[in-house]
>>> print(open('work08.cif').read())   # mmCIF, C-alpha atoms
data_input
#
loop_
_atom_site.label_atom_id
_atom_site.label_comp_id
_atom_site.auth_asym_id
_atom_site.auth_seq_id
_atom_site.Cartn_x
_atom_site.Cartn_y
_atom_site.Cartn_z
CA MET A 1 -1.51 -11.08 20.90
CA ALA A 2 -1.18 -11.34 17.12
CA LYS A 3 2.26 -10.91 15.58
CA PRO A 4 1.89 -12.19 12.02
CA GLY A 5 -1.78 -13.22 12.47
CA TYR A 6 -5.11 -11.47 12.21
CA GLY A 7 -4.92 -8.87 14.96
CA LYS A 8 -8.20 -7.31 16.07
CA ARG A 9 -8.96 -3.65 15.32
CA THR A 10 -12.18 -2.14 16.69
CA ALA A 11 -14.23 -0.06 14.28
CA PRO A 12 -15.48 3.35 15.50
CA ASP A 13 -19.00 4.63 16.27
CA GLN A 14 -20.39 1.50 17.94
CA ARG A 15 -23.31 1.33 20.30
CA PRO A 16 -22.66 0.45 23.97
CA ARG A 17 -22.40 -3.20 24.90
CA THR A 18 -25.71 -4.76 26.06
CA PRO A 19 -26.77 -8.30 27.09
CA HIS A 20 -28.87 -8.57 23.91
CA ASP A 21 -25.98 -8.13 21.45
CA PHE A 22 -25.93 -10.70 18.64
CA SER A 23 -29.30 -12.09 19.77
CA LEU A 24 -30.46 -12.49 16.16
CA LEU A 25 -27.53 -14.75 15.25
CA PRO A 26 -27.51 -18.56 15.59
CA ALA A 27 -26.09 -20.06 18.77
CA ARG A 28 -22.63 -20.83 17.39
CA GLU A 29 -22.16 -17.45 15.72
CA ARG A 30 -23.52 -15.69 18.82
CA TYR A 31 -21.02 -17.56 21.02
CA VAL A 32 -18.03 -16.71 18.78
CA ALA A 33 -19.14 -13.09 18.34
CA ALA A 34 -19.48 -12.53 22.09
CA PHE A 35 -16.00 -13.93 22.67
CA VAL A 36 -14.43 -11.81 19.90
CA ASP A 37 -16.22 -8.69 21.09
CA HIS A 38 -14.53 -8.93 24.51
CA LEU A 39 -11.03 -9.38 23.06
CA PRO A 40 -8.70 -6.36 23.33
CA ASP A 41 -7.32 -4.62 20.28
CA GLY A 42 -4.37 -6.48 18.82
CA ALA A 43 -5.57 -9.91 20.00
CA ALA A 44 -5.16 -12.82 17.61
CA MET A 45 -8.28 -13.63 15.60
CA SER A 46 -7.01 -16.34 13.28
CA VAL A 47 -9.01 -19.55 12.99
CA LYS A 48 -6.36 -21.62 14.77
CA GLN A 49 -6.01 -19.21 17.68
CA LEU A 50 -9.78 -18.94 18.19
CA ALA A 51 -10.16 -22.73 18.01
CA LYS A 52 -7.56 -23.10 20.78
CA GLN A 53 -9.48 -20.72 23.04
CA LEU A 54 -12.98 -21.97 22.21
CA PRO A 55 -13.02 -25.73 22.99
CA LEU A 56 -16.65 -26.17 21.96
CA TYR A 57 -15.89 -25.79 18.23
CA GLY A 58 -13.12 -26.90 15.90
CA GLN A 59 -11.30 -24.94 13.21
CA GLN A 60 -13.85 -25.71 10.50
CA ALA A 61 -16.74 -24.54 12.69
CA ILE A 62 -14.87 -21.37 13.67
CA SER A 63 -14.09 -20.62 10.02
CA THR A 64 -17.77 -21.05 9.09
CA ALA A 65 -18.83 -18.84 12.01
CA LEU A 66 -16.41 -16.05 11.00
CA THR A 67 -17.72 -16.22 7.44
CA ALA A 68 -21.28 -15.86 8.74
CA LEU A 69 -20.24 -12.90 10.91
CA SER A 70 -18.65 -11.27 7.87
CA VAL A 71 -21.88 -11.69 5.89
CA ALA A 72 -23.81 -10.27 8.86
CA GLY A 73 -21.62 -7.14 8.74
CA HIS A 74 -19.59 -7.56 11.93
CA LEU A 75 -16.05 -8.03 10.58
CA ARG A 76 -13.77 -7.49 7.60
CA ARG A 77 -10.29 -8.90 7.07
CA VAL A 78 -7.61 -6.76 5.43
CA ARG A 79 -3.92 -6.76 4.61
CA CYS A 80 -1.97 -3.66 5.65
CA ALA A 81 1.42 -2.58 4.32
CA VAL A 82 3.58 -1.23 7.14
CA GLY A 83 7.03 0.28 6.84
CA ALA A 84 8.63 2.10 3.94
CA GLY A 85 10.99 1.27 1.10
CA ASP A 86 12.68 -2.12 1.30
CA GLN A 87 11.37 -2.62 4.86
CA THR A 88 7.70 -2.87 3.83
CA ARG A 89 5.87 -5.87 5.27
CA TRP A 90 2.27 -7.06 4.94
CA VAL A 91 0.41 -7.64 8.21
CA PHE A 92 -3.09 -9.06 8.60
CA ARG A 93 -5.83 -7.39 10.62
CA THR A 94 -9.49 -8.04 11.34
CA PHE A 95 -11.70 -4.97 11.76
CA TRP A 96 -14.51 -5.78 14.19
CA SER A 97 -17.78 -3.94 14.73
CA ARG A 98 -20.28 -4.87 17.44
CA THR A 99 -22.88 -2.99 15.44
CA ALA A 100 -23.70 -4.73 12.17
CA ARG A 101 -22.69 -2.58 9.18
CA ASP A 102 -23.69 -2.81 5.55
CA ASN A 103 -21.29 -3.02 2.60
CA GLU A 104 -21.47 0.70 1.87
CA TRP A 105 -20.37 1.60 5.39
CA TRP A 106 -17.48 -0.85 5.32
CA ASN A 107 -16.32 0.38 1.89
CA THR A 108 -16.34 3.99 3.07
CA TYR A 109 -14.56 3.15 6.32
CA LEU A 110 -11.81 1.08 4.69
CA THR A 111 -11.29 3.72 2.00
CA THR A 112 -10.86 6.35 4.73
CA GLU A 113 -8.42 4.12 6.59
CA ASN A 114 -6.49 3.59 3.37
CA THR A 115 -6.27 7.35 2.79
CA LEU A 116 -5.05 7.96 6.34
CA GLN A 117 -2.45 5.21 6.05
CA THR A 118 -1.23 6.63 2.72
CA THR A 119 -0.97 10.28 3.73
CA SER A 120 0.27 9.87 7.29
CA PRO A 121 0.83 6.23 8.27
CA ALA A 122 0.33 5.82 11.99
CA PRO A 123 2.77 3.73 14.02
CA ASP A 124 1.70 0.15 14.47
CA THR A 125 0.35 -0.40 17.98
CA ALA A 126 0.44 -4.19 17.75
CA PRO A 127 3.50 -6.12 18.98
CA PRO A 128 6.27 -6.19 16.38
CA PRO A 129 6.48 -9.23 14.08
CA PRO A 130 9.24 -11.77 14.76
CA TRP A 131 11.42 -10.36 11.96
CA VAL A 132 11.55 -6.85 13.49
CA PRO A 133 14.61 -6.53 15.77
CA ASP A 134 14.21 -4.93 19.14
CA GLU A 135 15.32 -1.35 19.34
CA GLU A 136 18.63 -0.92 21.09
CA PRO A 137 18.52 1.39 24.09
CA PRO A 138 20.63 4.51 23.85
CA PRO A 139 24.11 4.12 25.34
CA PRO A 140 24.36 5.39 28.93
CA ALA A 141 26.19 8.59 29.57
CA PRO A 142 29.74 8.15 30.90
CA GLU A 143 29.88 8.45 34.64
CA ASP A 144 32.48 10.57 36.37
CA PRO A 145 34.42 8.46 38.85
CA GLY A 146 34.66 11.43 41.12
CA THR A 147 31.95 13.09 43.09
CA GLU A 148 28.69 13.77 41.32
CA GLN A 149 28.34 17.34 40.24
CA GLY A 150 25.69 19.18 38.37
CA PRO A 151 26.26 20.56 34.89
CA GLU A 152 28.66 23.45 34.73
CA PRO A 153 26.96 26.78 34.23
CA THR A 154 27.42 28.38 30.84
CA ALA A 155 29.74 31.38 30.95
CA VAL A 156 27.96 34.63 30.12
CA PRO A 157 30.11 37.06 28.08
CA GLN A 158 30.74 40.45 29.63
CA GLN A 159 28.34 43.06 28.34
CA ARG A 160 29.68 46.33 27.00
CA THR A 161 28.15 49.71 27.31
CA PRO A 162 27.08 51.62 24.18
CA ALA A 163 30.09 53.94 24.54
CA GLN A 164 32.53 51.05 24.64
CA ALA A 165 30.82 49.45 21.67
CA ALA A 166 31.18 52.66 19.63
CA ASP A 167 34.90 53.07 20.45
CA ALA A 168 35.75 49.45 19.71
CA GLU A 169 36.96 48.60 16.23
CA PRO A 170 34.71 46.24 14.29
CA GLU A 171 36.03 42.72 14.06
CA PRO A 172 36.20 41.08 10.65
CA PRO A 173 33.46 38.49 10.11
CA ALA A 174 34.52 34.88 10.41
CA PRO A 175 34.36 32.88 7.23
CA ASP A 176 31.22 30.75 6.97
CA THR A 177 32.84 27.74 5.34
CA ALA A 178 36.34 26.42 4.96
CA PRO A 179 38.06 26.96 1.61
CA ALA A 180 37.31 24.30 -0.94
CA PRO A 181 40.11 21.79 -1.35
CA HIS A 182 42.11 21.77 -4.52
CA PRO A 183 41.03 19.14 -7.06
CA SER A 184 44.40 17.43 -6.71
CA GLU A 185 43.78 16.99 -2.97
CA THR A 186 40.45 15.20 -3.42
CA GLY A 187 41.91 12.51 -5.69
CA PRO A 188 40.92 11.46 -9.20
CA SER A 189 37.27 10.89 -9.99
CA PRO A 190 35.84 7.44 -10.89
CA ALA A 191 35.47 8.59 -14.49
CA TYR A 192 39.14 9.59 -14.67
CA LEU A 193 40.25 6.29 -13.15
CA ALA A 194 38.11 4.32 -15.61
CA LEU A 195 39.76 6.09 -18.53
CA ALA A 196 43.22 5.70 -17.04
CA ARG A 197 42.74 1.93 -16.75
CA LEU A 198 41.72 1.48 -20.40
CA GLY A 199 45.34 0.97 -21.46
CA ARG A 200 45.70 -1.86 -18.95
CA GLU A 201 42.46 -3.48 -20.10
CA ASP A 202 43.48 -3.29 -23.76
CA ARG A 203 46.86 -2.12 -25.07
CA ARG A 204 45.25 -0.56 -28.13
CA LEU A 205 43.72 2.24 -26.00
CA PRO A 206 46.62 3.83 -24.10
CA LEU A 207 45.51 7.27 -22.88
CA SER A 208 47.80 9.89 -21.44
CA ALA A 209 47.00 12.04 -18.41
CA ASP A 210 45.95 14.94 -20.66
CA ASP A 211 43.75 12.58 -22.69
CA CYS A 212 42.00 11.34 -19.52
CA THR A 213 41.45 14.92 -18.36
CA ALA A 214 39.94 15.89 -21.73
CA LEU A 215 37.61 12.86 -21.83
CA GLU A 216 36.67 12.94 -18.16
CA PRO A 217 33.48 15.06 -18.64
CA LEU A 218 32.09 12.59 -21.21
CA ALA A 219 32.86 9.60 -19.02
CA ALA A 220 31.28 11.36 -16.03
CA GLN A 221 28.04 11.73 -18.03
CA TRP A 222 27.99 7.95 -18.49
CA LEU A 223 28.33 7.36 -14.76
CA ALA A 224 25.73 10.04 -14.02
CA ARG A 225 23.21 8.10 -16.11
CA GLY A 226 23.39 5.08 -13.84
CA VAL A 227 25.99 2.84 -15.51
CA SER A 228 28.86 1.27 -13.60
CA VAL A 229 32.57 1.60 -14.22
CA ASP A 230 32.72 -1.99 -15.50
CA TYR A 231 29.93 -1.25 -17.98
CA LEU A 232 31.80 1.84 -19.20
CA THR A 233 35.04 -0.11 -19.63
CA SER A 234 33.30 -2.94 -21.49
CA ALA A 235 31.53 -0.53 -23.86
CA LEU A 236 34.80 1.22 -24.74
CA THR A 237 36.92 -1.91 -25.23
CA ALA A 238 34.39 -4.22 -26.94
CA GLY A 239 34.95 -4.98 -30.64
CA LEU A 240 38.11 -2.94 -31.13
CA PRO A 241 39.72 -2.90 -34.58
CA THR A 242 43.08 -4.56 -35.14
CA GLN A 243 44.93 -1.25 -34.87
CA VAL A 244 43.81 2.03 -33.29
CA ASP A 245 45.74 4.96 -34.75
CA SER A 246 44.33 7.67 -32.43
CA PRO A 247 43.23 6.32 -29.02
CA LEU A 248 42.02 9.78 -27.98
CA GLY A 249 39.82 10.32 -31.05
CA PHE A 250 38.56 6.72 -31.03
CA THR A 251 37.61 6.86 -27.34
CA ARG A 252 35.93 10.28 -27.74
CA LYS A 253 33.84 8.98 -30.65
CA ARG A 254 32.74 5.92 -28.69
CA LEU A 255 31.89 7.99 -25.63
CA THR A 256 29.74 10.25 -27.80
CA ASP A 257 28.09 7.68 -30.06
CA LYS A 258 27.37 5.04 -27.39
CA MET A 259 26.13 7.42 -24.72
CA PRO A 260 23.51 5.47 -22.68
CA PRO A 261 19.98 6.86 -22.41
CA HIS A 262 19.03 9.09 -19.52
CA LEU A 263 16.50 7.26 -17.35
CA PRO A 264 13.87 9.49 -15.71
CA THR A 265 13.99 9.67 -11.94
CA THR A 266 10.31 10.65 -11.54
CA PRO A 267 7.91 7.90 -10.40
CA SER A 268 5.88 6.13 -13.05
CA THR A 269 2.60 6.86 -11.25
CA PRO A 270 1.19 10.41 -11.14
CA PRO A 271 2.11 12.33 -8.00
CA GLY A 272 -1.52 12.59 -6.91
CA THR A 273 -2.19 8.84 -7.06
CA PRO A 274 -2.34 7.36 -3.53
CA THR A 275 -0.46 4.15 -2.78
CA ARG A 276 -2.65 1.29 -1.66
CA ARG A 277 -1.68 0.41 1.91
CA ILE A 278 -4.84 -1.50 2.88
CA LEU A 279 -6.05 -4.43 0.79
CA MET A 280 -9.20 -6.28 1.78
CA GLU A 281 -9.31 -10.08 1.54
CA CYS A 282 -12.04 -12.70 1.43
CA THR A 283 -12.97 -13.91 4.91
CA ASP A 284 -13.39 -17.49 3.69
CA CYS A 285 -10.54 -18.15 1.22
CA GLY A 286 -8.26 -15.15 1.81
CA ARG A 287 -8.28 -13.91 -1.79
CA PRO A 288 -7.25 -10.20 -1.85
CA GLY A 289 -9.24 -7.48 -3.59
CA GLN A 290 -10.67 -4.01 -3.27
CA PRO A 291 -13.53 -3.50 -0.76
CA GLU A 292 -16.09 -2.79 -3.47
CA ALA A 293 -15.21 -6.10 -5.18
CA LEU A 294 -15.83 -8.17 -2.02
CA PRO A 295 -19.42 -7.58 -0.86
CA ASP A 296 -20.17 -9.15 2.53
CA GLY A 297 -16.40 -9.70 2.83
CA LEU A 298 -16.54 -12.63 0.36
CA CYS A 299 -15.22 -13.06 -3.16
CA HIS A 300 -17.47 -14.09 -6.04
CA THR A 301 -16.57 -17.78 -5.77
CA CYS A 302 -17.20 -18.01 -2.03
CA ARG A 303 -20.45 -16.05 -2.26
CA THR A 304 -21.67 -18.44 -4.96
CA THR A 305 -20.65 -21.45 -2.84
CA HIS A 306 -22.30 -20.28 0.38
CA HIS A 307 -25.26 -18.55 -1.30
CA PRO A 308 -25.95 -20.27 -4.64
CA HIS A 309 -28.86 -17.97 -5.51
CA THR A 310 -27.11 -14.72 -4.61
CA ASP A 311 -25.95 -13.81 -8.10
CA LYS A 312 -28.99 -15.21 -9.99
CA ALA A 313 -31.88 -13.02 -11.00
CA PRO A 314 -35.29 -14.11 -9.64
CA THR A 315 -37.52 -15.98 -12.04
CA PRO A 316 -40.46 -13.85 -13.30
CA PRO A 317 -43.93 -15.03 -12.11
CA VAL A 318 -45.13 -15.71 -15.68
CA GLU A 319 -42.17 -17.99 -16.42
CA ALA A 320 -42.55 -19.73 -13.05
CA ALA A 321 -46.21 -20.50 -13.81
CA ALA A 322 -45.31 -21.82 -17.27
CA ILE A 323 -42.62 -24.08 -15.83
CA LYS A 324 -45.02 -25.40 -13.22
CA ALA A 325 -47.63 -26.17 -15.87
CA GLN A 326 -45.07 -27.93 -18.05
CA MET A 327 -43.94 -30.12 -15.15
CA THR A 328 -47.57 -31.03 -14.40
CA ASN A 329 -48.09 -32.10 -18.02
CA LEU A 330 -44.97 -34.25 -17.89
CA ARG A 331 -46.18 -36.00 -14.75
CA ASP A 332 -49.56 -36.70 -16.37
CA LEU A 333 -47.86 -38.19 -19.43
CA LEU A 334 -45.71 -40.43 -17.24
CA LYS A 335 -48.84 -41.73 -15.48
CA THR A 336 -50.51 -42.74 -18.76
CA VAL A 337 -47.50 -44.73 -19.99
#
>>> encode(input="work08.cif", output="structure tokens")
Amino acid sequence: MAKPGYGKRTAPDQRPRTPHDFSLLPARERYVAAFVDHLPDGAAMSVKQLAKQLPLYGQQAISTALTALSVAGHLRRVRCAVGAGDQTRWVFRTFWSRTARDNEWWNTYLTTENTLQTTSPAPDTAPPPPWVPDEEPPPPAPEDPGTEQGPEPTAVPQQRTPAQAADAEPEPPAPDTAPAPHPSETGPSPAYLALARLGREDRRLPLSADDCTALEPLAAQWLARGVSVDYLTSALTAGLPTQVDSPLGFTRKRLTDKMPPHLPTTPSTPPGTPTRRILMECTDCGRPGQPEALPDGLCHTCRTTHHPHTDKAPTPPVEAAAIKAQMTNLRDLLKTV
């Protein structure tokens, strides 16, 4: 089974398996296609793994056969982003179709898969890669050393009749939340502590307790905009004059004038733009790209190498006849020399 390799994924809407599948392909491609078609989903389909299991052909022959199967419309290789946030990893998959598909079908199918992965990514059914730790089982429940007993039944409160409920005095409602602690009980804020330490960082900025309380809202705005306490301290103590007559006024002016910009928290991309989670790659060289940019599963360079006349326009009949006549004249001239 493929962990970091090209795991097999079967494409939908295929015809039933018959003895005549892949009969139009050459012998080598037919042999490799029949073997791949019988592999289960998640099986490794890299060139090295297939060469180990198919002793008749080496890695170069297997690579050429897979390229031919991609051109024939039986497979596409993609990169899939799994996970979220910092835990995102790229895994490689090979979508396989017993029924040959054209480029338009593959582009539509991969776009649909990309949309499904973006809106509601499904859990990966392949074995986890080597870097994913095994999930720890939940801790067992503590066992009672005594005799085993079932769970104790929940006590049902005694029901009162309507007459008893009317005679009873209403009980005061219980408070929903506990009273908020006094600010002195929660301790000083990071902004207050940063201001209080200014006098220790530089003796020219000694601030009293009242000064720190008055400047605390401005310092809190700095920290709310994403700067650290060290950055705040450096900005307030950098380039001080020889003598500071009013530490409170000087610090207030610096907190106001050097206020850092407020960085937006909204994403740079519009909210309706889907995140690419599936990226197709060239079957031959592995170059990534969008499905529409890789017809037949090959990039422009590989298509030109394997099919030199793919991207050239056919020569018009009139020009072909003129070229043929010119070559005939050149041969006649060479004979007379």
>>> closest_residue(input="work08.cif", among="A:Ala51, A:Ala325, A:Leu205, A:Leu110", to="A:Arg76", atoms="all atoms listed in the file")
A:Leu110
>>> atom_distance(input="work08.cif", atom1="atom CA of A:Cys285", atom2="atom CA of A:Arg93")
15.0 Å
>>> residues_around(input="work08.cif", residues="stretch 230-238 of chain A", least_positions_apart="3", cutoff="12 Å", atoms="only C-alpha atoms", output="NGL selection string")
:A and (190-206 or 218-227 or 241-242 or 244 or 247-248 or 250-260)
>>> atom_distance(input="work08.cif", atom1="atom CA of A:Trp106", atom2="atom CA of A:Asp296")
9.2 Å
>>> closest_residue(input="work08.cif", among="A:Leu39, A:Val91, A:Leu333, A:Ile323", to="A:Thr10", atoms="only C-alpha atoms")
A:Leu39
>>> resolve_selection(input="work08.cif", expression="the PyMOL selection byres ((chain A and resi 107) around 10)", output="PyMOL selection string")
chain A and resi 102-106+108-113+280+290-295
>>> write_last_selection(input="work08.cif", atoms="C-alpha atoms", output="PDB file, in the coordinates of the input")
ATOM      1  CA  ASP A 102     -23.690  -2.810   5.550  1.00  0.00           C
ATOM      2  CA  ASN A 103     -21.290  -3.020   2.600  1.00  0.00           C
ATOM      3  CA  GLU A 104     -21.470   0.700   1.870  1.00  0.00           C
ATOM      4  CA  TRP A 105     -20.370   1.600   5.390  1.00  0.00           C
ATOM      5  CA  TRP A 106     -17.480  -0.850   5.320  1.00  0.00           C
ATOM      6  CA  THR A 108     -16.340   3.990   3.070  1.00  0.00           C
ATOM      7  CA  TYR A 109     -14.560   3.150   6.320  1.00  0.00           C
ATOM      8  CA  LEU A 110     -11.810   1.080   4.690  1.00  0.00           C
ATOM      9  CA  THR A 111     -11.290   3.720   2.000  1.00  0.00           C
ATOM     10  CA  THR A 112     -10.860   6.350   4.730  1.00  0.00           C
ATOM     11  CA  GLU A 113      -8.420   4.120   6.590  1.00  0.00           C
ATOM     12  CA  MET A 280      -9.200  -6.280   1.780  1.00  0.00           C
ATOM     13  CA  GLN A 290     -10.670  -4.010  -3.270  1.00  0.00           C
ATOM     14  CA  PRO A 291     -13.530  -3.500  -0.760  1.00  0.00           C
ATOM     15  CA  GLU A 292     -16.090  -2.790  -3.470  1.00  0.00           C
ATOM     16  CA  ALA A 293     -15.210  -6.100  -5.180  1.00  0.00           C
ATOM     17  CA  LEU A 294     -15.830  -8.170  -2.020  1.00  0.00           C
ATOM     18  CA  PRO A 295     -19.420  -7.580  -0.860  1.00  0.00           C
TER      19      PRO A 295
END
>>> resolve_selection(input="work08.cif", expression="the PyMOL selection byres ((chain A and resi 50) around 12)", output="number ranges by chain")
A: 1-2, 5-8, 31-33, 35-36, 39, 43-49, 51-63, 65-66
>>> closest_residue(input="work08.cif", among="A:Gln14, A:Thr328, A:Ser208, A:Thr94", to="A:Cys80", atoms="all atoms listed in the file")
A:Thr94
>>> closest_residue(input="work08.cif", among="A:Leu207, A:Leu330, A:Ala321, A:Leu25", to="A:Ala72", atoms="all atoms listed in the file")
A:Leu25
>>> atom_distance(input="work08.cif", atom1="atom CA of A:Arg101", atom2="atom CA of A:Gly73")
4.7 Å
>>> closest_residue(input="work08.cif", among="A:Gly42, A:Ile278, A:Leu69, A:Ala100", to="A:Arg15", atoms="all atoms listed in the file")
A:Ala100
>>> resolve_selection(input="work08.cif", expression="the PyMOL selection byres ((chain A and resi 287) around 12)", output="list of chain:residue names")
A:Arg77, A:Val78, A:Arg79, A:Leu279, A:Met280, A:Glu281, A:Cys282, A:Thr283, A:Asp284, A:Cys285, A:Gly286, A:Pro288, A:Gly289, A:Gln290, A:Pro291, A:Ala293, A:Leu294, A:Gly297, A:Leu298, A:Cys299, A:His300, A:Thr301, A:Cys302
